[in-house]
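Asks: Here's a structure for you.
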Amino acid sequence: MDSATSTIRQFLIEAQRRIGCHATAFASGARDDFHSHCPSDDARDVEEMLRGIANTFLLQARESNSPVIRNRVRYEDGGPMIGRFLVAPVFESSGEPAGIVMMYRLSAENAFEQSDLKTGSQLSRQLASLLSLPADPVTGLIARGSFEKLVGWRLKSLGERASSSVLYGDIDQLHVVNDLFGFEAGDRAIAVVANALAGALANDDAVLSRLSGDRFTIFLPDCPLAQAQRIASRLRDAVQARSLPVGDDKYPLSICFGAATLRDGERSFDHSLAGAEVACKAAKDRGRNRVEIYEVSDTSMIRRRDDISIVGRLRSALDQGRYQIFGQPIASLLTPDSVHRYEMLLRIIDEKGRMVLPSHFMSSATRYQLLPQIDRLVVIDVLKHLRDAGARPGFKPLHVSINLSGPTISDDAFLDWMQMQLDESGVSGEWLTFELTETAAVSNMGQAQLLMSKLGARGCRFAIDDFGTGLSSLTHLKNLQFSSLKIDGSFIRDLLHNERSQSLVGAIAQLAGAMGMETIAEYVETPEICMRLIELEVQYGQGYAIGKPRPLNGILAPAAGLLHAS
């Protein structure tokens with residue numbers, strides 16, 4: 001069921017409802033391009049009759065170039081009347097006729113009037129507008145913009161009392177297909193799933209669209225939630241019955257669905273879709289290849305709903321520039337007041353102008369794959385500040401430390417993008433250290449090594465962040481060109497009272513020293529912790545005992561000239 005077929009089908013259902021007729025049909029100049037809708041028992045006979053008369057009306061529509069009413073139509077002169085027709089041409093954007101819409105009433109029903117002619121003309125223009133919208137290039141389904149327009153059109157007609165439903169589907173573990181066989185195979189898997197869904201919906205009043213990536217949505221007009229759940233289960237089974245051919249093998253496919261209710265006037269489509277997404281994520285958490293209904297009382301769904309709400313506000317803040325970069329000093333524990341560098345920290349500003357800490361949005365940003373966007377925004381903002389500050393007389397270069405997430409490291413385009421940013425800003429790589437968690441570095445070993453090699457050649461340095469929390473630290477550390485090792489704060493918080501933490505911190509410091517790396521302790525909160533870290537031969541510290549985060553523009557201001565790299 002491609003984009004045009006689905007759009008025409010929905011249009012015919014809606015046109016039959018709005019104008020009040022026995023059947024509706026669309027025909028183009030090509031004989032095979034014919035679609036009809038008749039909710040009565042005689043649907044097959046009606047379709048055959050409409051097909052037979054379509055060419056005659058196509059010729060008449062080309063001559064009149066405008067809607068016409070034929071209230072006394074016969075197969076032949078003197079024969080019995082077969083019914084009443086309102087026929088409206090549908091035009092392409094170029095002005096050329098794309099086909100006709102036929103509204104059919106039985107001869108015993110009311111004749112079409114001028115008011116019907118006006119409605120029919122409006123409907124044909126709406127169909128032309130819907131058909132002009134682009135389709136999804138991978139699946140041929142209605143794209144999201146077209147989908148939302150069609151849903152809004154149907155909801156307005158159904159009214160507030162009708163209970164419709166929306167489904168949100170997400171293919172299970174498509175990233176495995178991409179990793180094993182490449183993105184072309186991933187696109188083929190998406191197309192296979194789309195065909196399975198379209199085939200299973202062939203006899204349903206439904207609008208199917210690909211949202212993006214591996215996600216689909218389905219609008220089920222005038223469909224209660226319980227019925228929507230049954231349809232979703234049928235769709236899940238249809239996908240499970242398919243597989244992706246890969247060479248001589250076949251890779252199994254499955255999908256999760258979430259369902260939510262949708263009423264015009266009660267909640268927006270986006271609201272209902274978010275609820276269905278929450279239910280879909282819960283289905284994945286509970287084992288995949290499942291269908292879940294959105295229930296506000298379900299605690300896991302409440303958490304997902306909250307995540308979606310946070311992500312929506314986070315996206316708005318990023319798009320509107322409501323964020324600020326802070327810097328927290330990393331200082332030598334051996335030399336008083338000697339700042340080594342500043343770690344860059346993102347703060348979001350909410351709609352009321354209040355500062356939002358990463359602890360309130362980072363898990364949601366991770367779950368909904370916003371970290372690459374955040375990383376790039378931080379890089380752009382920091383380089384701009386450094387470039388502008390570097391133009392001031394007497395400015396001493398400030399060394400900054402920027403975090404890079406796992407998805408950013410694995411992004412093939414990031415390295416070229418980063419080098420372009422350095423070229424355009426004129427900022428020396430010697431001013432920059434990039435912090436990578438050991439888990440992210442090890443999980444993307446090849447990309448991490450390439451990143452370190454290329455950016456290291458430009459003077460950039462690298463620090464391994466949250467050291468001690470990963471699984472493969474010692475095995476892979478020798479293969480990565482880190483200059484600094486940041487000891488995770490979980491070992492520092494209880495350093496004064498936990499002998500095991502002291503032993504681990506001491507061992508990490510010795511290991512780093514043997515490999516020529518400097519050591520940095522995170523979460524240094526008291527002078528007593530500072531003293532114990534010095535005894536354990538840790539060189540640098542970061543935390544409130546060293547200094548609180550401050551806005552980057554304040555750190556770079558002329559009055560802050562003493563706060564530069566050592």
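A note on labels: chains of the structure tokens are A, B, ... as shown, every chain counts residues from 1, and ligands are counted from 1 in their shown order.
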To test your reading of the structure, identify every residue in region 281-390 of chain A that backbone DSSP assigns to helix (DSSP H, G or I), and report it as a PyMOL selection string.
Replies: chain A and resi 281-285+299-319+358-360+362-367+371-390
Asks: So that I can see what lies close to region 436-448 of chain A, please list as number ranges by chain the residues with an atom at most 7 Å from it, counting only C-alpha atoms and leaving out residues fewer than 4 positions away in the same chain.
Replies: A: 403-406, 409-410, 452, 463-467, 470, 473, 476
Asks: Do you know which residues are at most 7 Å from Gln539 (chain A) counting only C-alpha atoms, after dropping those on the same chain fewer than 3 positions away, and could you put them as a list in words?
Replies: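 That gives Ser332, Leu333, Leu334, Glu518, Thr519, Ile520 and Ile534 of chain A.
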Asks: DSSP says strand (DSSP E or B) for which residues of region 11-228 of chain A? Put them as a PyMOL selection string?
Replies: chain A and resi 23-27+34-37+68-74+81-91+97-105+135+142+164-171+207-212+215-220
Asks: Show which residues sit within 12 Å of region 498-504 of chain A, as JSON, numbers by chain. Count only C-alpha atoms, and ignore same-chain residues fewer than 3 positions away.
Replies: {"A": [467, 468, 469, 487, 488, 489, 490, 491, 492, 493, 494, 495, 507, 508, 509, 510, 511, 529, 532, 533, 534, 535, 536, 537, 538]}
Asks: Please list as a list in words every residue within 8 Å of region 5-12 of chain A, counting only C-alpha atoms and excluding residues in the same chain fewer than 2 positions away.
Replies: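 These residues fall inside the cut-off: Met1, Asp2, Ser3, Glu14, Ala15, Gln16, Thr24, Ala25, Phe26, His35, Ser36, His37, Leu127, Leu130, Leu131, Leu141, Ile142, Leu150, Asp205, Ala206, Val207 and Leu208 of chain A.
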Asks: Output C-alpha atoms for every residue in that selection, as a PDB file, in the first residue's frame.
Replies:
ATOM      1  CA  MET A   1       0.000   0.000   0.000  1.00  0.00           C
ATOM      2  CA  ASP A   2       2.025   2.929  -1.305  1.00  0.00           C
ATOM      3  CA  SER A   3       1.586   6.595  -0.420  1.00  0.00           C
ATOM      4  CA  GLU A  14     -13.948  10.412   4.019  1.00  0.00           C
ATOM      5  CA  ALA A  15     -15.651  11.659   0.852  1.00  0.00           C
ATOM      6  CA  GLN A  16     -18.337   8.972   1.139  1.00  0.00           C
ATOM      7  CA  THR A  24     -16.992   6.729  -4.138  1.00  0.00           C
ATOM      8  CA  ALA A  25     -14.271   6.000  -6.667  1.00  0.00           C
ATOM      9  CA  PHE A  26     -11.108   7.484  -8.141  1.00  0.00           C
ATOM     10  CA  HIS A  35      -9.887   2.697  -6.514  1.00  0.00           C
ATOM     11  CA  SER A  36     -13.356   2.482  -5.026  1.00  0.00           C
ATOM     12  CA  HIS A  37     -15.029   2.489  -1.617  1.00  0.00           C
ATOM     13  CA  LEU A 127      -7.204  15.146  -2.758  1.00  0.00           C
ATOM     14  CA  LEU A 130      -2.714  15.364  -0.475  1.00  0.00           C
ATOM     15  CA  LEU A 131      -1.405  13.579  -3.577  1.00  0.00           C
ATOM     16  CA  LEU A 141       4.519   5.076   2.465  1.00  0.00           C
ATOM     17  CA  ILE A 142       3.017   8.409   3.423  1.00  0.00           C
ATOM     18  CA  LEU A 150      -4.455  13.400   6.571  1.00  0.00           C
ATOM     19  CA  ASP A 205      -9.575   1.741   7.572  1.00  0.00           C
ATOM     20  CA  ALA A 206      -6.055   2.767   8.570  1.00  0.00           C
ATOM     21  CA  VAL A 207      -3.337   5.252   7.671  1.00  0.00           C
ATOM     22  CA  LEU A 208       0.194   3.818   7.781  1.00  0.00           C
TER      23      LEU A 208
END
Asks: I'd like the contact shell of Asp136 (chain A) - 12 Å cut-off, only C-alpha atoms, skipping same-chain residues fewer than 3 positions apart - returned as a PyMOL selection string.
Replies: chain A and resi 2-4+133+139-147+187+190-191+194+208-213+216
Asks: Point out the residue among A:Gly513, A:Gly99, A:Gly541, A:Pro134 with the least atom-to-atom distance to Glu525 (chain A), counting only C-alpha atoms.
Replies: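 For Glu525 (chain A), the nearest of the candidates is A:Gly541.
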Asks: Would you pick out the contacts of region 232-238 of chain A at 6 Å or less, using only C-alpha atoms, so that residues sharing its chain but fewer than 4 positions from it are not included, and give the list as a PyMOL selection string?
Replies: chain A and resi 196-197+255
Asks: Can you measure CA of Leu345 (chain A) to CA of Gly327 (chain A) for me? One decimal in Å is fine.
Replies: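 Computing it gives 5.9 Å between the two atoms.
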Asks: In terms of the shortest atom-to-atom distance over only C-alpha atoms, which of A:Phe269, A:Phe57, A:Phe434, A:Tyr75 is closest to Met103 (chain A)?
Replies: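 Closest residue, counting only C-alpha atoms: A:Phe57.
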Asks: Against region 161-179 of chain A, which residues of region 198-305 of chain A fall within 6 Å? For each one I want the closest pair of atoms and the distance in Å (one decimal), counting only C-alpha atoms, rows by chain and increasing residue number, as CSV.
Replies:
residue,atom,partner,partner_atom,distance
A:Asp214,CA,A:Ile171,CA,5.5
A:Arg215,CA,A:Asp170,CA,4.5
A:Phe216,CA,A:Gly169,CA,4.9
A:Thr217,CA,A:Tyr168,CA,4.6
A:Ile218,CA,A:Leu167,CA,5.0
A:Phe219,CA,A:Val166,CA,4.7
A:Leu220,CA,A:Ser165,CA,5.2
A:Pro221,CA,A:Ser164,CA,4.7
A:Asp222,CA,A:Ser164,CA,4.4
A:Cys223,CA,A:Ser164,CA,4.6
A:Pro224,CA,A:Ser163,CA,5.6
A:Leu225,CA,A:Ser165,CA,5.9
A:Ser254,CA,A:Asp172,CA,5.6
A:Ile255,CA,A:Ile171,CA,4.3
A:Cys256,CA,A:Asp170,CA,5.5
A:Phe257,CA,A:Gly169,CA,4.4
A:Gly258,CA,A:Tyr168,CA,5.2
A:Ala259,CA,A:Leu167,CA,4.5
A:Ala260,CA,A:Val166,CA,5.6
A:Thr261,CA,A:Ser165,CA,4.4
A:Leu262,CA,A:Ser165,CA,5.0
A:Arg263,CA,A:Ser163,CA,5.5
A:Ala276,CA,A:Tyr168,CA,5.4
A:Glu277,CA,A:Tyr168,CA,5.6
